[in-house]
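S.K.: Input file: start.cif. Contents: mmCIF, C-alpha atoms.
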```cif
data_my_file
#
loop_
_atom_site.group_PDB
_atom_site.id
_atom_site.type_symbol
_atom_site.label_atom_id
_atom_site.label_comp_id
_atom_site.auth_asym_id
_atom_site.auth_seq_id
_atom_site.Cartn_x
_atom_site.Cartn_y
_atom_site.Cartn_z
ATOM 1 C CA MET A 1 141.238 109.527 165.120
ATOM 2 C CA LYS A 2 140.188 108.733 161.565
ATOM 3 C CA THR A 3 139.816 105.057 162.451
ATOM 4 C CA ILE A 4 137.539 105.901 165.386
ATOM 5 C CA LYS A 5 135.562 108.289 163.186
ATOM 6 C CA TYR A 6 135.048 105.621 160.534
ATOM 7 C CA ILE A 7 134.039 103.074 163.158
ATOM 8 C CA VAL A 8 131.475 105.493 164.613
ATOM 9 C CA ILE A 9 130.068 106.255 161.159
ATOM 10 C CA GLY A 10 129.968 102.567 160.381
ATOM 11 C CA MET A 11 128.092 101.864 163.609
ATOM 12 C CA VAL A 12 125.561 104.601 162.840
ATOM 13 C CA ILE A 13 124.943 103.253 159.333
ATOM 14 C CA PHE A 14 124.647 99.712 160.671
ATOM 15 C CA SER A 15 122.138 100.876 163.286
ATOM 16 C CA MET A 16 120.097 102.628 160.592
ATOM 17 C CA ILE A 17 120.044 99.502 158.458
ATOM 18 C CA LEU A 18 119.179 97.335 161.441
ATOM 19 C CA GLY A 19 116.414 99.730 162.431
ATOM 20 C CA SER A 20 114.975 99.695 158.919
ATOM 21 C CA PHE A 21 115.107 95.910 158.877
ATOM 22 C CA SER A 22 113.321 95.762 162.227
ATOM 23 C CA ASN A 23 110.621 98.096 160.952
ATOM 24 C CA MET A 24 110.153 95.927 157.877
ATOM 25 C CA MET A 25 109.876 92.863 160.067
ATOM 26 C CA GLY A 26 107.366 94.668 162.252
ATOM 27 C CA GLN A 27 105.256 95.530 159.223
ATOM 28 C CA ASP A 28 105.336 91.936 158.037
ATOM 29 C CA ALA A 29 104.306 90.567 161.438
ATOM 30 C CA ILE A 30 100.733 89.597 162.131
ATOM 31 C CA HIS A 31 98.188 92.389 162.405
ATOM 32 C CA PHE A 32 94.426 92.710 162.462
ATOM 33 C CA SER A 33 92.778 94.733 159.736
ATOM 34 C CA GLU A 34 89.347 96.251 159.246
ATOM 35 C CA THR A 35 87.720 95.311 155.945
ATOM 36 C CA TYR A 36 85.276 96.464 153.316
ATOM 37 C CA LYS A 37 82.195 94.458 152.456
ATOM 38 C CA SER A 38 82.360 92.973 148.973
ATOM 39 C CA LYS A 39 79.132 94.726 147.974
ATOM 40 C CA GLU A 40 80.730 98.091 148.837
ATOM 41 C CA ILE A 41 83.611 97.492 146.421
ATOM 42 C CA LEU A 42 81.972 95.514 143.626
ATOM 43 C CA SER A 43 79.281 98.165 143.229
ATOM 44 C CA LEU A 44 82.013 100.628 142.217
ATOM 45 C CA LEU A 45 83.222 98.473 139.336
ATOM 46 C CA ASP A 46 81.677 98.268 135.880
ATOM 47 C CA GLN A 47 80.114 94.836 135.284
ATOM 48 C CA GLY A 48 82.113 94.688 132.050
ATOM 49 C CA ASP A 49 85.374 95.202 133.941
ATOM 50 C CA GLU A 50 88.108 92.602 133.470
ATOM 51 C CA TYR A 51 87.742 91.837 137.180
ATOM 52 C CA PHE A 52 84.445 90.012 136.665
ATOM 53 C CA THR A 53 85.822 87.840 133.873
ATOM 54 C CA VAL A 54 88.815 86.682 135.923
ATOM 55 C CA LEU A 55 87.431 86.229 139.435
ATOM 56 C CA SER A 56 84.875 83.581 140.316
ATOM 57 C CA GLN A 57 82.037 84.933 142.467
ATOM 58 C CA ASP A 58 80.758 81.539 143.618
ATOM 59 C CA GLN A 59 81.825 81.913 147.258
ATOM 60 C CA VAL A 60 81.361 85.680 147.522
ATOM 61 C CA LYS A 61 78.874 86.936 150.123
ATOM 62 C CA PRO A 62 77.696 90.580 149.980
ATOM 63 C CA GLU A 63 78.484 91.168 153.666
ATOM 64 C CA GLY A 64 81.885 89.449 153.610
ATOM 65 C CA SER A 65 85.314 90.792 152.642
ATOM 66 C CA LEU A 66 86.072 88.052 150.089
ATOM 67 C CA LEU A 67 85.959 89.576 146.598
ATOM 68 C CA GLY A 68 86.408 86.353 144.664
ATOM 69 C CA ASN A 69 88.781 83.590 143.612
ATOM 70 C CA CYS A 70 90.997 83.534 140.548
ATOM 71 C CA ALA A 71 93.370 81.070 138.944
ATOM 72 C CA GLU A 72 96.979 81.326 140.121
ATOM 73 C CA SER A 73 98.058 81.881 136.514
ATOM 74 C CA ALA A 74 95.845 84.979 136.215
ATOM 75 C CA SER A 75 96.623 86.528 139.609
ATOM 76 C CA GLU A 76 99.580 88.668 138.510
ATOM 77 C CA GLU A 77 97.728 90.335 135.651
ATOM 78 C CA LEU A 78 94.653 90.865 137.819
ATOM 79 C CA TRP A 79 96.802 92.480 140.525
ATOM 80 C CA LYS A 80 98.245 94.922 137.983
ATOM 81 C CA HIS A 81 94.779 95.703 136.645
ATOM 82 C CA LEU A 82 93.326 96.415 140.093
ATOM 83 C CA HIS A 83 96.215 98.787 140.847
ATOM 84 C CA SER A 84 95.957 100.659 137.545
ATOM 85 C CA LYS A 85 95.107 104.376 137.725
ATOM 86 C CA GLU A 86 91.798 103.813 135.967
ATOM 87 C CA VAL A 87 90.534 101.278 138.501
ATOM 88 C CA GLN A 88 92.072 102.975 141.543
ATOM 89 C CA SER A 89 90.294 106.234 140.667
ATOM 90 C CA ARG A 90 86.960 104.491 141.287
ATOM 91 C CA LEU A 91 87.901 102.870 144.596
ATOM 92 C CA PRO A 92 88.276 104.178 148.176
ATOM 93 C CA LYS A 93 91.724 105.554 148.977
ATOM 94 C CA ASP A 94 92.025 103.395 152.098
ATOM 95 C CA LEU A 95 91.196 100.144 150.264
ATOM 96 C CA ARG A 96 93.991 97.561 150.272
ATOM 97 C CA PHE A 97 93.761 94.325 148.310
ATOM 98 C CA ALA A 98 95.261 91.178 149.824
ATOM 99 C CA TRP A 99 95.538 87.552 148.762
ATOM 100 C CA GLY A 100 94.508 84.717 151.036
ATOM 101 C CA TRP A 101 97.175 82.696 152.841
ATOM 102 C CA LYS A 102 96.056 79.356 151.388
ATOM 103 C CA SER A 103 96.069 78.571 147.692
ATOM 104 C CA GLU A 104 93.681 75.728 146.977
ATOM 105 C CA THR A 105 93.483 73.799 143.701
ATOM 106 C CA GLY A 106 95.525 76.449 141.920
ATOM 107 C CA ASN A 107 93.199 79.298 142.936
ATOM 108 C CA ARG A 108 93.856 82.431 144.979
ATOM 109 C CA SER A 109 91.356 84.293 147.138
ATOM 110 C CA LEU A 110 91.212 88.094 147.039
ATOM 111 C CA PHE A 111 90.136 90.189 150.038
ATOM 112 C CA ALA A 112 89.229 93.851 150.536
ATOM 113 C CA LEU A 113 91.046 95.358 153.533
ATOM 114 C CA ARG A 114 90.514 98.828 154.946
ATOM 115 C CA GLU A 115 93.521 100.779 156.163
ATOM 116 C CA SER A 116 92.835 102.428 159.508
ATOM 117 C CA GLN A 117 94.660 105.076 161.528
ATOM 118 C CA LYS A 118 93.366 103.553 164.751
ATOM 119 C CA VAL A 119 95.476 101.297 166.948
ATOM 120 C CA THR A 120 94.712 97.634 166.264
ATOM 121 C CA PRO A 121 96.175 94.482 167.850
ATOM 122 C CA GLU A 122 99.537 93.331 166.497
ATOM 123 C CA GLN A 123 101.861 90.391 167.042
ATOM 124 C CA LYS A 124 103.437 92.056 170.082
ATOM 125 C CA ASP A 125 100.008 91.992 171.733
ATOM 126 C CA LEU A 126 99.763 88.199 171.563
ATOM 127 C CA LYS A 127 100.147 86.563 174.955
ATOM 128 C CA SER A 128 99.810 82.974 173.782
ATOM 129 C CA VAL A 129 98.901 80.862 170.764
ATOM 130 C CA SER A 130 97.439 77.378 171.055
ATOM 131 C CA MET A 131 95.955 74.909 168.602
ATOM 132 C CA GLN A 132 93.003 72.619 169.080
ATOM 133 C CA GLU A 133 91.091 70.124 167.001
ATOM 134 C CA SER A 134 88.082 71.730 165.367
ATOM 135 C CA LYS A 135 84.551 70.387 165.148
ATOM 136 C CA ARG A 136 85.359 69.138 161.650
ATOM 137 C CA LYS A 137 87.344 65.927 162.089
ATOM 138 C CA GLY A 138 90.961 66.158 160.951
ATOM 139 C CA ASN A 139 91.006 69.975 160.984
ATOM 140 C CA TYR A 140 92.527 72.323 163.546
ATOM 141 C CA ASP A 141 91.875 75.837 164.828
ATOM 142 C CA LEU A 142 94.182 78.329 166.502
ATOM 143 C CA LEU A 143 93.253 80.213 169.655
ATOM 144 C CA LEU A 144 94.981 83.556 170.221
ATOM 145 C CA THR A 145 95.055 85.162 173.664
ATOM 146 C CA PHE A 146 95.884 88.870 173.895
ATOM 147 C CA SER A 147 97.773 90.820 176.518
ATOM 148 C CA LYS A 148 95.833 93.429 178.530
ATOM 149 C CA GLU A 149 96.573 96.207 176.025
ATOM 150 C CA GLY A 150 95.860 93.943 173.074
ATOM 151 C CA ALA A 151 92.577 92.805 174.660
ATOM 152 C CA ASP A 152 91.456 96.425 175.095
ATOM 153 C CA ASN A 153 92.237 97.225 171.443
ATOM 154 C CA TRP A 154 90.545 94.015 170.328
ATOM 155 C CA ALA A 155 87.415 94.886 172.323
ATOM 156 C CA ARG A 156 87.231 98.339 170.709
ATOM 157 C CA MET A 157 87.901 96.929 167.243
ATOM 158 C CA THR A 158 85.231 94.237 167.502
ATOM 159 C CA LYS A 159 82.717 96.707 168.952
ATOM 160 C CA GLU A 160 83.214 99.072 165.993
ATOM 161 C CA ASN A 161 83.065 96.287 163.390
ATOM 162 C CA VAL A 162 80.026 94.229 164.356
ATOM 163 C CA GLY A 163 78.591 92.764 161.151
ATOM 164 C CA ARG A 164 81.920 93.019 159.344
ATOM 165 C CA ASN A 165 84.900 90.748 158.842
ATOM 166 C CA ILE A 166 88.151 91.432 160.661
ATOM 167 C CA ALA A 167 91.064 90.092 158.656
ATOM 168 C CA ILE A 168 93.964 88.420 160.417
ATOM 169 C CA VAL A 169 96.925 89.244 158.185
ATOM 170 C CA MET A 170 100.485 87.926 158.161
ATOM 171 C CA ASN A 171 103.160 88.848 155.638
ATOM 172 C CA GLY A 172 100.495 90.670 153.648
ATOM 173 C CA LYS A 173 98.277 87.592 153.299
ATOM 174 C CA VAL A 174 94.944 86.943 154.966
ATOM 175 C CA LEU A 175 95.034 83.947 157.303
ATOM 176 C CA SER A 176 91.368 84.207 158.172
ATOM 177 C CA ALA A 177 88.595 86.802 158.092
ATOM 178 C CA PRO A 178 85.950 85.953 160.703
ATOM 179 C CA MET A 179 82.683 87.864 160.915
ATOM 180 C CA VAL A 180 82.269 89.876 164.128
ATOM 181 C CA GLN A 181 78.979 88.993 165.795
ATOM 182 C CA MET A 182 79.469 91.071 168.949
ATOM 183 C CA GLU A 183 82.052 92.950 170.980
ATOM 184 C CA ILE A 184 84.663 90.529 172.371
ATOM 185 C CA THR A 185 85.961 91.597 175.766
ATOM 186 C CA GLN A 186 87.666 88.390 176.899
ATOM 187 C CA GLY A 187 90.846 89.012 174.881
ATOM 188 C CA LYS A 188 90.439 85.868 172.753
ATOM 189 C CA CYS A 189 90.446 85.259 169.015
ATOM 190 C CA MET A 190 89.805 82.017 167.133
ATOM 191 C CA ILE A 191 91.318 81.378 163.709
ATOM 192 C CA SER A 192 89.307 78.736 161.868
ATOM 193 C CA GLY A 193 90.186 77.826 158.315
ATOM 194 C CA ASP A 194 89.982 74.060 157.895
ATOM 195 C CA PHE A 195 93.702 73.844 158.601
ATOM 196 C CA SER A 196 95.440 70.479 158.691
ATOM 197 C CA LYS A 197 97.511 69.648 161.764
ATOM 198 C CA THR A 198 100.706 70.460 159.835
ATOM 199 C CA GLU A 199 99.330 73.806 158.600
ATOM 200 C CA ALA A 200 98.118 74.758 162.069
ATOM 201 C CA SER A 201 101.495 73.832 163.588
ATOM 202 C CA GLU A 202 103.364 75.914 161.014
ATOM 203 C CA MET A 203 101.068 78.886 161.543
ATOM 204 C CA LYS A 204 101.395 78.575 165.335
ATOM 205 C CA ALA A 205 105.182 78.660 165.016
ATOM 206 C CA LEU A 206 105.032 81.761 162.777
ATOM 207 C CA LEU A 207 102.678 83.588 165.138
ATOM 208 C CA GLU A 208 104.845 82.815 168.147
ATOM 209 C CA ASN A 209 107.982 84.079 166.430
#
```
Starting from the coordinates I provided, produce the structure as structure tokens.
M.R.:
Amino acid sequence: MKTIKYIVIGMVIFSMILGSFSNMMGQDAIHFSETYKSKEILSLLDQGDEYFTVLSQDQVKPEGSLLGNCAESASEELWKHLHSKEVQSRLPKDLRFAWGWKSETGNRSLFALRESQKVTPEQKDLKSVSMQESKRKGNYDLLLTFSKEGADNWARMTKENVGRNIAIVMNGKVLSAPMVQMEITQGKCMISGDFSKTEASEMKALLEN
């Protein structure tokens, strides 16, 4: 009887661990996130803040979600600074910082995501993922096709975020953050990021699994 009891307990514990692991994997899978505009966040920071001395603003657009680019060597300290109580007290509670997926020439891109309670498309909503050569020679794009439920959520999300970026996030990093021009009802999504064929292939494999 004791042996059976221990086996049952062991199975329960194993199931709990497995369930937790599955949840973690689910959280790390691809998801689509609403964003803040850079002007909405930067206006809340003092111009003398350490942020402005570390991040380059060269590629920042007021309407976009990119907050700036910083050297890889400075990213850890900047991350700690942005999550300090002093800085967090000045920022929206639903703001989530995220690094970009690609690290170019030793720099990292920082994005402003907005945590939402609404249902947004996730990896389980992806029906297919394909890659195609982009208009820029040598680069590739990814085309995502959603299931019926995913397409409905994508249509609502794009309708509510016209004029804003929607970030495509995987493992906590932003793959791409396209600007929404209009409501998209066809259940399609294009990821364009000047990806090489190897990068696009790797990303396709990750999205499909």
S.K.: Go through A:Val87, A:Leu44, A:Leu144, A:Ala112 one by one, measure the shortest atom-to-atom distance of each to Val174 in chain A using only C-alpha atoms, and give the residue with the smallest value.
M.R.: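 Nearest to Val174 in chain A: A:Ala112.
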S.K.: Rank A:Met170, A:Val180, A:Cys70, A:Met190 by their smallest atom-to-atom distance to Ser56 in chain A, using all atoms listed in the file, and report the top residue only.
M.R.: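 So, comparing all the options, the nearest one is A:Cys70.
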S.K.: Any idea what's packed within 12 Å of Ala29 in chain A, counting all atoms listed in the file, ignoring anything in its chain fewer than 6 positions away? Could you give it as a list in words?
M.R.: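 Here the qualifying residues turn out to be Ser22, Asn23, Pro121, Glu122, Gln123, Lys124, Asp125, Leu126, Ile168, Val169, Met170, Asn171, Gly172, Lys173, Val174, Leu206, Leu207, Glu208 and Asn209 of chain A.
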S.K.: Hey, what comes out of the PyMOL selection byres ((chain A and resi 82) around 12) on this file? Could you write it as a PyMOL selection string?
M.R.: chain A and resi 41-42+45+49-52+54-55+67+75-81+83-91+95-98+110+112
S.K.: Between CA of Asp94 in chain A and CA of Asp46 in chain A, what is the spacing in Å?
M.R.: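 Here the two named atoms are 19.9 Å from each other.
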S.K.: For the file shown, report as an MDAnalysis selection string the outcome of the PyMOL selection byres ((chain A and resi 143) around 7) at residue level.
M.R.: chainID A and resid 129:131 141:142 144:145 189:191
S.K.: Would you work out the distance separating CA of Ala74 in chain A from CA of Ser38 in chain A, expressed in Å to one decimal?
M.R.: 20.2 Å
S.K.: Mind giving me the straight-line distance from CA of Ser147 in chain A to CA of Ser134 in chain A in Å, one decimal?
M.R.: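 Going from CA of Ser147 in chain A over to CA of Ser134 in chain A covers 24.1 Å.
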S.K.: Check the smallest atom-to-atom distance from each of A:Glu63, A:Glu72, A:Glu199, A:Glu149 to Pro178 in chain A using only C-alpha atoms, then report the winner.
M.R.: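 Of the candidates, the smallest distance to Pro178 in chain A is held by A:Glu63.
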S.K.: Please determine, counting only C-alpha atoms, which residue among A:Arg108, A:Lys39, A:Lys148, A:Lys127 has the shortest atom-to-atom distance to Ser73 in chain A.
M.R.: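 The closest residue to Ser73 in chain A is A:Arg108.
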S.K.: Contacts of Phe195 in chain A at 10 Å or less, counting all atoms listed in the file, minus same-chain residues fewer than 6 places along, as a ChimeraX atom specification?
M.R.: /A:102,133-134,138-142,201,203
S.K.: Could you work out an axis-aligned bounding box for all listed atoms of range 186-196 of chain A, with 6 Å added on each of the six sides, and give its centre and edge lengths in Å to one decimal, as AutoDock Vina command-line options?
M.R.:
```
--center_x 91.6 --center_y 79.7 --center_z 167.4 --size_x 19.8 --size_y 30.5 --size_z 31.0
```
S.K.: From the set A:Asn153, A:Ser196, A:Gln132, A:Thr35, which residue has the shortest atom-to-atom contact distance to Leu66 in chain A, counting all atoms listed in the file?
M.R.: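 Checking each of A:Asn153, A:Ser196, A:Gln132, A:Thr35 against Leu66 in chain A, counting all atoms listed in the file, the winner is A:Thr35.
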S.K.: Taking into account only C-alpha atoms, which residue in the set A:Gly163, A:Gly48, A:Gly106, A:Gly193 is nearest to Gly64 in chain A?
M.R.: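 Of the candidates, the smallest distance to Gly64 in chain A is held by A:Gly163.
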S.K.: Since the input is missing atoms, can you rebuild N, CA and C atoms for range 79-103 of chain A and write them as a PDB file, in the frame of the given file?
M.R.:
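What follows is the written file selection22.pdb:
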```
ATOM      1  N   TRP A  79      96.222  91.567 139.526  1.00  0.00           N
ATOM      2  CA  TRP A  79      96.802  92.480 140.525  1.00  0.00           C
ATOM      3  C   TRP A  79      97.212  93.797 139.858  1.00  0.00           C
ATOM      4  N   LYS A  80      97.838  93.714 138.715  1.00  0.00           N
ATOM      5  CA  LYS A  80      98.245  94.922 137.983  1.00  0.00           C
ATOM      6  C   LYS A  80      97.027  95.731 137.561  1.00  0.00           C
ATOM      7  N   HIS A  81      95.999  95.030 137.099  1.00  0.00           N
ATOM      8  CA  HIS A  81      94.779  95.703 136.645  1.00  0.00           C
ATOM      9  C   HIS A  81      94.110  96.453 137.791  1.00  0.00           C
ATOM     10  N   LEU A  82      93.993  95.798 138.949  1.00  0.00           N
ATOM     11  CA  LEU A  82      93.326  96.415 140.093  1.00  0.00           C
ATOM     12  C   LEU A  82      94.084  97.624 140.629  1.00  0.00           C
ATOM     13  N   HIS A  83      95.402  97.669 140.369  1.00  0.00           N
ATOM     14  CA  HIS A  83      96.215  98.787 140.847  1.00  0.00           C
ATOM     15  C   HIS A  83      96.491  99.813 139.748  1.00  0.00           C
ATOM     16  N   SER A  84      95.810  99.677 138.619  1.00  0.00           N
ATOM     17  CA  SER A  84      95.957 100.659 137.545  1.00  0.00           C
ATOM     18  C   SER A  84      95.265 101.958 137.969  1.00  0.00           C
ATOM     19  N   LYS A  85      95.683 103.077 137.380  1.00  0.00           N
ATOM     20  CA  LYS A  85      95.107 104.376 137.725  1.00  0.00           C
ATOM     21  C   LYS A  85      93.611 104.415 137.451  1.00  0.00           C
ATOM     22  N   GLU A  86      93.209 103.806 136.351  1.00  0.00           N
ATOM     23  CA  GLU A  86      91.798 103.813 135.967  1.00  0.00           C
ATOM     24  C   GLU A  86      90.917 103.169 137.029  1.00  0.00           C
ATOM     25  N   VAL A  87      91.327 101.994 137.501  1.00  0.00           N
ATOM     26  CA  VAL A  87      90.534 101.278 138.501  1.00  0.00           C
ATOM     27  C   VAL A  87      90.646 101.961 139.858  1.00  0.00           C
ATOM     28  N   GLN A  88      91.859 102.353 140.235  1.00  0.00           N
ATOM     29  CA  GLN A  88      92.072 102.975 141.543  1.00  0.00           C
ATOM     30  C   GLN A  88      91.275 104.267 141.704  1.00  0.00           C
ATOM     31  N   SER A  89      91.038 104.972 140.602  1.00  0.00           N
ATOM     32  CA  SER A  89      90.294 106.234 140.667  1.00  0.00           C
ATOM     33  C   SER A  89      88.847 106.018 141.091  1.00  0.00           C
ATOM     34  N   ARG A  90      88.344 104.792 140.951  1.00  0.00           N
ATOM     35  CA  ARG A  90      86.960 104.491 141.287  1.00  0.00           C
ATOM     36  C   ARG A  90      86.811 103.873 142.676  1.00  0.00           C
ATOM     37  N   LEU A  91      87.932 103.595 143.331  1.00  0.00           N
ATOM     38  CA  LEU A  91      87.901 102.870 144.596  1.00  0.00           C
ATOM     39  C   LEU A  91      88.303 103.761 145.766  1.00  0.00           C
ATOM     40  N   PRO A  92      87.902 103.401 146.989  1.00  0.00           N
ATOM     41  CA  PRO A  92      88.276 104.178 148.176  1.00  0.00           C
ATOM     42  C   PRO A  92      89.792 104.238 148.346  1.00  0.00           C
ATOM     43  N   LYS A  93      90.291 105.366 148.818  1.00  0.00           N
ATOM     44  CA  LYS A  93      91.724 105.554 148.977  1.00  0.00           C
ATOM     45  C   LYS A  93      92.320 104.638 150.053  1.00  0.00           C
ATOM     46  N   ASP A  94      91.509 104.241 151.022  1.00  0.00           N
ATOM     47  CA  ASP A  94      92.025 103.395 152.098  1.00  0.00           C
ATOM     48  C   ASP A  94      91.805 101.899 151.844  1.00  0.00           C
ATOM     49  N   LEU A  95      91.373 101.561 150.626  1.00  0.00           N
ATOM     50  CA  LEU A  95      91.196 100.144 150.264  1.00  0.00           C
ATOM     51  C   LEU A  95      92.554  99.507 149.977  1.00  0.00           C
ATOM     52  N   ARG A  96      92.778  98.330 150.529  1.00  0.00           N
ATOM     53  CA  ARG A  96      93.991  97.561 150.272  1.00  0.00           C
ATOM     54  C   ARG A  96      93.591  96.137 149.895  1.00  0.00           C
ATOM     55  N   PHE A  97      94.023  95.704 148.722  1.00  0.00           N
ATOM     56  CA  PHE A  97      93.761  94.325 148.310  1.00  0.00           C
ATOM     57  C   PHE A  97      94.768  93.395 148.969  1.00  0.00           C
ATOM     58  N   ALA A  98      94.351  92.172 149.239  1.00  0.00           N
ATOM     59  CA  ALA A  98      95.261  91.178 149.824  1.00  0.00           C
ATOM     60  C   ALA A  98      94.831  89.785 149.401  1.00  0.00           C
ATOM     61  N   TRP A  99      95.812  88.946 149.106  1.00  0.00           N
ATOM     62  CA  TRP A  99      95.538  87.552 148.762  1.00  0.00           C
ATOM     63  C   TRP A  99      95.360  86.734 150.043  1.00  0.00           C
ATOM     64  N   GLY A 100      94.663  85.632 149.917  1.00  0.00           N
ATOM     65  CA  GLY A 100      94.508  84.717 151.036  1.00  0.00           C
ATOM     66  C   GLY A 100      95.788  83.930 151.263  1.00  0.00           C
ATOM     67  N   TRP A 101      95.957  83.427 152.466  1.00  0.00           N
ATOM     68  CA  TRP A 101      97.175  82.696 152.841  1.00  0.00           C
ATOM     69  C   TRP A 101      97.244  81.347 152.133  1.00  0.00           C
ATOM     70  N   LYS A 102      96.094  80.677 152.006  1.00  0.00           N
ATOM     71  CA  LYS A 102      96.056  79.356 151.388  1.00  0.00           C
ATOM     72  C   LYS A 102      95.708  79.460 149.915  1.00  0.00           C
ATOM     73  N   SER A 103      96.369  78.642 149.121  1.00  0.00           N
ATOM     74  CA  SER A 103      96.069  78.571 147.692  1.00  0.00           C
ATOM     75  C   SER A 103      95.573  77.162 147.402  1.00  0.00           C
TER      76      SER A 103
END
```
